file structure_26.cif (mmCIF, C-alpha atoms)
data_entry
loop_
_atom_site.label_atom_id
_atom_site.label_comp_id
_atom_site.auth_asym_id
_atom_site.auth_seq_id
_atom_site.Cartn_x
_atom_site.Cartn_y
_atom_site.Cartn_z
CA MET A 934 4.59 -2.11 34.36
CA SER A 935 6.67 -4.99 35.62
CA GLY A 936 6.84 -6.36 32.07
CA GLN A 937 8.34 -3.12 30.81
CA ASN A 938 10.79 -2.98 33.72
CA CYS A 939 12.56 -6.11 32.49
CA LEU A 940 14.07 -4.02 29.66
CA VAL A 941 15.23 -1.41 32.16
CA THR A 942 16.69 -3.99 34.54
CA ASN A 943 18.20 -5.91 31.59
CA GLU A 944 16.85 -9.33 32.51
CA TRP A 945 17.54 -12.51 30.52
CA ILE A 946 13.88 -13.42 30.14
CA CYS A 947 11.85 -10.43 28.99
CA GLY A 948 8.45 -10.69 27.34
CA GLU A 949 8.47 -6.98 26.53
CA TYR A 950 11.56 -7.48 24.39
CA LEU A 951 9.81 -10.17 22.35
CA ARG A 952 6.79 -7.91 21.90
CA THR A 953 8.63 -4.75 20.92
CA ARG A 954 11.38 -6.38 18.82
CA SER A 955 9.33 -9.11 17.12
CA GLN A 956 9.91 -7.69 13.63
CA GLU A 957 13.66 -7.51 14.21
CA LEU A 958 13.68 -11.13 15.34
CA THR A 959 11.56 -12.17 12.36
CA ASP A 960 13.84 -10.44 9.85
CA ALA A 961 16.94 -11.98 11.39
CA THR A 962 15.33 -15.44 11.41
CA VAL A 963 14.29 -15.15 7.75
CA GLN A 964 17.82 -14.10 6.77
CA HIS A 965 19.25 -16.99 8.78
CA VAL A 966 16.96 -19.51 7.07
CA LEU A 967 17.65 -18.13 3.58
CA ILE A 968 21.42 -18.22 4.04
CA THR A 969 21.23 -21.78 5.38
CA VAL A 970 18.95 -23.09 2.62
CA VAL A 971 20.95 -21.48 -0.20
CA SER A 972 24.27 -22.67 1.26
CA VAL A 973 23.17 -26.29 1.68
CA ALA A 974 21.48 -26.36 -1.75
CA ILE A 975 24.60 -25.06 -3.51
CA GLY A 976 26.79 -27.36 -1.43
CA LEU A 977 24.70 -30.37 -2.50
CA ALA A 978 24.85 -29.29 -6.15
CA VAL A 979 28.65 -29.13 -5.92
CA ALA A 980 29.15 -32.23 -3.76
CA LEU A 981 27.08 -34.58 -5.91
CA PRO A 982 29.22 -34.41 -9.07
CA LEU A 983 32.40 -34.49 -6.97
CA ALA A 984 31.25 -37.67 -5.23
CA VAL A 985 30.17 -39.27 -8.53
CA LEU A 986 33.57 -38.51 -10.08
CA ALA A 987 35.36 -39.87 -7.02
CA ARG A 988 33.22 -43.02 -7.22
CA ARG A 989 33.90 -43.65 -10.91
CA TYR A 990 37.54 -42.63 -10.97
CA LYS A 991 39.13 -44.12 -7.86
CA PRO A 992 42.39 -42.08 -8.09
CA LEU A 993 40.32 -38.91 -7.61
CA ALA A 994 38.74 -40.08 -4.35
CA GLY A 995 41.79 -39.33 -2.20
CA PRO A 996 42.42 -35.79 -3.52
CA VAL A 997 38.71 -34.87 -3.42
CA LEU A 998 38.24 -36.07 0.16
CA GLY A 999 41.56 -34.57 1.20
CA LEU A 1000 40.75 -31.16 -0.27
CA THR A 1001 37.30 -30.97 1.31
CA THR A 1002 38.76 -32.03 4.66
CA ILE A 1003 41.42 -29.30 4.46
CA LEU A 1004 38.73 -26.72 3.72
CA TYR A 1005 36.81 -27.81 6.81
CA THR A 1006 39.85 -27.34 9.05
CA ILE A 1007 40.24 -23.65 8.12
CA PRO A 1008 38.88 -21.46 10.96
CA SER A 1009 35.76 -19.54 9.97
CA LEU A 1010 37.31 -16.11 10.54
CA ALA A 1011 40.29 -17.06 8.36
CA MET A 1012 37.97 -18.48 5.68
CA PHE A 1013 35.93 -15.30 5.47
CA SER A 1014 39.10 -13.20 5.41
CA LEU A 1015 40.46 -15.22 2.48
CA LEU A 1016 37.18 -14.82 0.58
CA LEU A 1017 36.77 -11.12 1.40
CA PRO A 1018 38.89 -9.77 -1.52
CA VAL A 1019 36.77 -11.76 -3.97
CA PHE A 1020 33.23 -11.22 -2.65
CA GLY A 1021 33.53 -8.14 -0.46
CA LEU A 1022 31.17 -7.54 2.44
CA SER A 1023 28.14 -9.32 0.99
CA PRO A 1024 25.86 -12.32 1.58
CA ALA A 1025 27.83 -14.13 -1.15
CA LEU A 1026 30.86 -14.08 1.15
CA VAL A 1027 28.99 -15.92 3.91
CA VAL A 1028 27.24 -18.33 1.54
CA THR A 1029 30.48 -19.28 -0.21
CA GLY A 1030 32.23 -19.98 3.08
CA LEU A 1031 29.33 -22.13 4.28
CA VAL A 1032 29.24 -24.04 0.99
CA LEU A 1033 32.93 -24.88 1.31
CA TYR A 1034 32.41 -26.11 4.87
CA SER A 1035 29.44 -28.29 3.87
CA LEU A 1036 31.41 -30.13 1.18
CA THR A 1037 33.27 -32.32 3.66
CA ILE A 1038 30.07 -33.77 5.10
CA LEU A 1039 28.13 -33.98 1.84
CA VAL A 1040 30.86 -35.48 -0.35
CA ARG A 1041 31.73 -38.15 2.21
CA ASN A 1042 28.12 -39.17 2.77
CA ILE A 1043 27.21 -39.26 -0.92
CA LEU A 1044 30.34 -41.24 -1.74
CA ALA A 1045 29.65 -43.68 1.12
CA GLY A 1046 26.10 -44.13 -0.12
CA LEU A 1047 27.20 -44.81 -3.70
CA GLU A 1048 29.86 -47.27 -2.61
CA ALA A 1049 27.30 -49.16 -0.50
CA VAL A 1050 25.09 -49.88 -3.54
CA PRO A 1051 25.14 -53.69 -4.09
CA GLU A 1052 27.10 -54.67 -7.16
CA GLU A 1053 24.38 -57.12 -8.17
CA ALA A 1054 21.95 -54.20 -8.50
CA ARG A 1055 24.35 -52.49 -10.90
CA GLU A 1056 24.86 -55.70 -12.88
CA ALA A 1057 21.12 -56.24 -13.12
CA ALA A 1058 20.58 -52.73 -14.46
CA ARG A 1059 23.40 -53.08 -16.97
CA GLY A 1060 21.86 -56.35 -18.12
CA MET A 1061 18.66 -54.43 -18.91
CA GLY A 1062 20.63 -52.01 -21.05
CA TYR A 1063 20.93 -49.15 -18.60
CA GLY A 1064 23.61 -46.64 -19.58
CA SER A 1065 25.87 -45.01 -17.01
CA TRP A 1066 23.66 -41.96 -16.46
CA ARG A 1067 20.42 -43.95 -16.25
CA LEU A 1068 22.14 -46.37 -13.88
CA LEU A 1069 23.18 -43.45 -11.68
CA TRP A 1070 19.79 -41.71 -11.53
CA GLU A 1071 17.48 -44.72 -11.41
CA VAL A 1072 19.47 -47.26 -9.41
CA GLU A 1073 22.52 -45.90 -7.60
CA LEU A 1074 21.18 -42.61 -6.27
CA PRO A 1075 17.85 -44.07 -5.06
CA LEU A 1076 19.75 -46.77 -3.17
CA ALA A 1077 22.21 -44.17 -1.82
CA LEU A 1078 19.42 -41.77 -0.82
CA PRO A 1079 19.40 -42.63 2.92
CA ALA A 1080 23.11 -41.80 3.20
CA VAL A 1081 22.70 -38.67 1.05
CA LEU A 1082 19.83 -37.32 3.13
CA GLY A 1083 21.70 -38.22 6.31
CA GLY A 1084 24.55 -36.03 5.10
CA VAL A 1085 22.14 -33.22 4.22
CA ARG A 1086 20.73 -33.35 7.75
CA ILE A 1087 24.16 -33.06 9.34
CA ALA A 1088 25.25 -30.34 6.93
CA THR A 1089 22.07 -28.34 7.54
CA VAL A 1090 22.35 -28.40 11.32
CA SER A 1091 26.04 -27.50 11.05
CA THR A 1092 25.25 -24.65 8.66
CA VAL A 1093 22.58 -23.25 10.99
CA ALA A 1094 25.29 -22.94 13.64
CA LEU A 1095 28.00 -21.61 11.33
CA THR A 1096 25.70 -18.98 9.80
CA THR A 1097 25.96 -17.03 13.04
CA VAL A 1098 29.65 -16.39 12.27
CA GLY A 1099 28.50 -14.28 9.33
CA ALA A 1100 27.68 -11.62 11.92
CA ILE A 1101 31.26 -10.37 11.57
CA VAL A 1102 30.29 -9.04 8.11
CA ASP A 1103 26.71 -8.16 9.18
CA TYR A 1104 25.11 -11.09 7.34
CA GLY A 1105 24.77 -13.61 10.13
CA GLY A 1106 21.01 -13.70 10.60
CA LEU A 1107 20.38 -14.36 14.26
CA GLY A 1108 24.13 -14.28 14.81
CA SER A 1109 24.08 -10.53 14.18
CA LEU A 1110 21.61 -10.09 17.04
CA ILE A 1111 23.73 -12.29 19.30
CA LEU A 1112 26.90 -10.33 18.52
CA ASP A 1113 25.15 -6.99 18.96
CA GLY A 1114 23.63 -8.19 22.22
CA LEU A 1115 27.01 -9.30 23.52
CA ASP A 1116 28.58 -5.97 22.60
CA THR A 1117 25.85 -4.04 24.44
CA THR A 1118 25.29 -6.66 27.20
CA PHE A 1119 21.63 -6.86 26.12
CA LYS A 1120 20.74 -10.12 27.86
CA ALA A 1121 17.22 -10.61 26.48
CA GLN A 1122 18.42 -10.20 22.91
CA VAL A 1123 21.29 -12.66 23.34
CA LEU A 1124 19.02 -15.28 24.91
CA ALA A 1125 16.16 -14.88 22.43
CA ALA A 1126 18.43 -15.07 19.37
CA SER A 1127 20.36 -18.03 20.80
CA VAL A 1128 17.18 -19.97 21.57
CA LEU A 1129 15.86 -19.28 18.07
CA CYS A 1130 19.10 -20.69 16.59
CA VAL A 1131 18.63 -23.89 18.56
CA VAL A 1132 14.97 -24.09 17.54
CA LEU A 1133 15.90 -23.61 13.88
CA ALA A 1134 18.45 -26.42 14.05
CA VAL A 1135 15.99 -28.81 15.73
CA VAL A 1136 13.12 -27.95 13.36
CA ALA A 1137 15.36 -28.30 10.30
CA ASP A 1138 16.60 -31.69 11.48
CA LEU A 1139 13.06 -32.95 12.17
CA LEU A 1140 11.78 -31.73 8.80
CA LEU A 1141 14.64 -33.42 6.96
CA LEU A 1142 14.14 -36.58 9.00
CA GLY A 1143 10.50 -36.60 7.95
CA LEU A 1144 11.51 -36.04 4.33
CA GLN A 1145 14.02 -38.87 4.58
CA ARG A 1146 11.39 -41.26 5.93
CA LEU A 1147 8.95 -40.16 3.23
CA LEU A 1148 11.41 -40.64 0.36
CA THR A 1149 12.98 -43.86 1.64
CA PRO A 1150 10.12 -46.01 2.96
CA TRP A 1151 12.02 -49.18 2.03
CA THR A 1152 14.58 -48.51 4.78
CA ARG A 1153 11.86 -49.15 7.40
CA ALA A 1154 10.62 -52.32 5.72
CA GLY A 1155 14.00 -53.71 4.70
CA ARG A 1156 13.19 -53.45 1.00
CA VAL A 1157 14.97 -51.89 -1.97
CA PRO A 1158 13.55 -49.15 -4.21
CA ARG A 1159 10.98 -50.29 -6.76
CA LYS A 1160 13.06 -49.39 -9.83
CA ALA A 1161 16.10 -51.26 -8.59
CA ARG A 1162 13.97 -54.26 -7.59
CA ARG A 1163 12.29 -54.29 -11.01
CA ALA A 1164 15.68 -54.20 -12.75
CA ALA A 1165 16.89 -57.16 -10.73
CA SER A 1166 13.73 -59.19 -11.29
CA ARG A 1167 13.77 -58.70 -15.03
CA THR A 1168 17.39 -59.71 -15.37
CA ASN A 1169 17.17 -62.61 -12.89
CA PRO A 1170 13.62 -63.98 -13.21
CA ALA A 1171 12.36 -66.30 -10.53
CA PRO A 1172 12.74 -70.00 -11.42
CA ALA A 1173 9.65 -71.78 -12.66
CA GLU A 1174 7.92 -73.99 -10.17
CA ALA A 1175 8.53 -77.67 -10.57
CA ILE A 1176 5.75 -79.60 -12.26
#

call {"tool": "encode", "arguments": {"input": "structure_26.cif", "output": "structure tokens"}}
result
Amino acid sequence: MSGQNCLVTNEWICGEYLRTRSQELTDATVQHVLITVVSVAIGLAVALPLAVLARRYKPLAGPVLGLTTILYTIPSLAMFSLLLPVFGLSPALVVTGLVLYSLTILVRNILAGLEAVPEEAREAARGMGYGSWRLLWEVELPLALPAVLGGVRIATVSTVALTTVGAIVDYGGLGSLILDGLDTTFKAQVLAASVLCVVLAVVADLLLLGLQRLLTPWTRAGRVPRKARRAASRTNPAPAEAI
């Protein structure tokens, strides 16, 4: 009986709320995860070619970085209002806004990773006959992967937080529960949804950290990726031992 009374007394911690509203929490969490994953994936697909262009054509670097920075400074409510005439009240409105916000982080990190690739690795690959696209995919991007995945981690955690703002158009995942709970002073709902947002951000960061460590084992051993090392060794063979 005391468990049920926590809903009546509107307490912050209420096990009965979790039991009776578990499906509502699950649906909101699933929507939150889907919006985050789609937004970051599209943001990465857009940021990668922008960073590659900025890396190859230096005059473009300033405008690209400047534009993405300006987009990030637009307040979220203003951003959604500007996109509203185009997308209407739909998930696409929230996803597009989140994609635009993620570009600042992703473009900068990808560009920094590409610029940190040693020039000797590029020269070695060119000496083996690598074209520009093969050089990019087999040498530059593998070497830039730690910086790229670092940017994805930051963008993902940021997107988990910003997704809650989508509650203003009813597509905010857990943010919708938080906003509704604030409007009705439903303490248990506000606390449960807020804690789930934090848990999502932490879990996403840990999963991406694990993925980063799995895909870039050379960063722990101070080595370079196998393909890049092979390119260098073939172009600059070790000197023969003296007889």

call {"tool": "closest_residue", "arguments": {"input": "structure_26.cif", "among": "A:Val1135, A:Leu983, A:Val941, A:Ala961", "to": "A:Thr1037", "atoms": "only C-alpha atoms"}}
result
A:Leu983

call {"tool": "closest_residue", "arguments": {"input": "structure_26.cif", "among": "A:Ala1126, A:Ser1109, A:Leu1142, A:Thr1096", "to": "A:Leu951", "atoms": "only C-alpha atoms"}}
result
A:Ala1126

call {"tool": "atom_distance", "arguments": {"input": "structure_26.cif", "atom1": "atom CA of A:Gly1083", "atom2": "atom CA of A:His965"}}
result
21.5 Å

call {"tool": "atom_distance", "arguments": {"input": "structure_26.cif", "atom1": "atom CA of A:Glu1048", "atom2": "atom CA of A:Trp1066"}}
result
16.1 Å

call {"tool": "residues_around", "arguments": {"input": "structure_26.cif", "residues": "A:Val1128", "least_positions_apart": "5", "cutoff": "12 Å", "atoms": "all atoms listed in the file", "output": "VMD selection string"}}
result
chain A and resid 945 to 946 958 962 1094 1107 to 1108 1110 to 1111 1121 to 1123 1133 to 1135

call {"tool": "decode", "arguments": {"input": "structure_26.cif", "residues": "stretch 1033-1045 of chain A", "atoms": "N, CA, C and O atoms", "output": "compact mmCIF listing (two decimals), in the first residue's frame"}}
result
# COMPACT_ATOMS: atom_id res chain seq x y z
N LEU A 1033 22.62 19.14 -37.94
CA LEU A 1033 23.32 20.42 -38.13
C LEU A 1033 24.19 20.75 -36.92
O LEU A 1033 25.30 21.26 -37.06
N TYR A 1034 23.69 20.44 -35.72
CA TYR A 1034 24.49 20.70 -34.52
C TYR A 1034 25.71 19.79 -34.44
O TYR A 1034 26.77 20.18 -33.96
N SER A 1035 25.57 18.55 -34.91
CA SER A 1035 26.68 17.59 -34.80
C SER A 1035 27.82 17.91 -35.76
O SER A 1035 28.96 17.46 -35.55
N LEU A 1036 27.55 18.68 -36.82
CA LEU A 1036 28.57 18.93 -37.83
C LEU A 1036 29.80 19.65 -37.28
O LEU A 1036 30.92 19.38 -37.69
N THR A 1037 29.58 20.57 -36.35
CA THR A 1037 30.72 21.30 -35.78
C THR A 1037 31.74 20.35 -35.17
O THR A 1037 32.94 20.41 -35.45
N ILE A 1038 31.26 19.44 -34.34
CA ILE A 1038 32.14 18.50 -33.65
C ILE A 1038 32.76 17.51 -34.63
O ILE A 1038 33.98 17.28 -34.64
N LEU A 1039 31.93 16.94 -35.50
CA LEU A 1039 32.41 15.89 -36.39
C LEU A 1039 33.38 16.42 -37.44
O LEU A 1039 34.43 15.81 -37.68
N VAL A 1040 33.05 17.53 -38.08
CA VAL A 1040 33.94 18.07 -39.12
C VAL A 1040 35.30 18.43 -38.52
O VAL A 1040 36.35 18.11 -39.10
N ARG A 1041 35.30 19.09 -37.38
CA ARG A 1041 36.57 19.49 -36.76
C ARG A 1041 37.42 18.29 -36.40
O ARG A 1041 38.64 18.28 -36.61
N ASN A 1042 36.81 17.26 -35.82
CA ASN A 1042 37.59 16.10 -35.41
C ASN A 1042 38.11 15.30 -36.60
O ASN A 1042 39.26 14.84 -36.59
N ILE A 1043 37.27 15.14 -37.62
CA ILE A 1043 37.73 14.40 -38.80
C ILE A 1043 38.86 15.16 -39.49
O ILE A 1043 39.87 14.57 -39.89
N LEU A 1044 38.69 16.46 -39.62
CA LEU A 1044 39.72 17.28 -40.25
C LEU A 1044 41.02 17.24 -39.44
O LEU A 1044 42.11 17.11 -40.02
N ALA A 1045 40.91 17.32 -38.12
CA ALA A 1045 42.11 17.25 -37.28
C ALA A 1045 42.80 15.90 -37.43
O ALA A 1045 44.04 15.82 -37.48
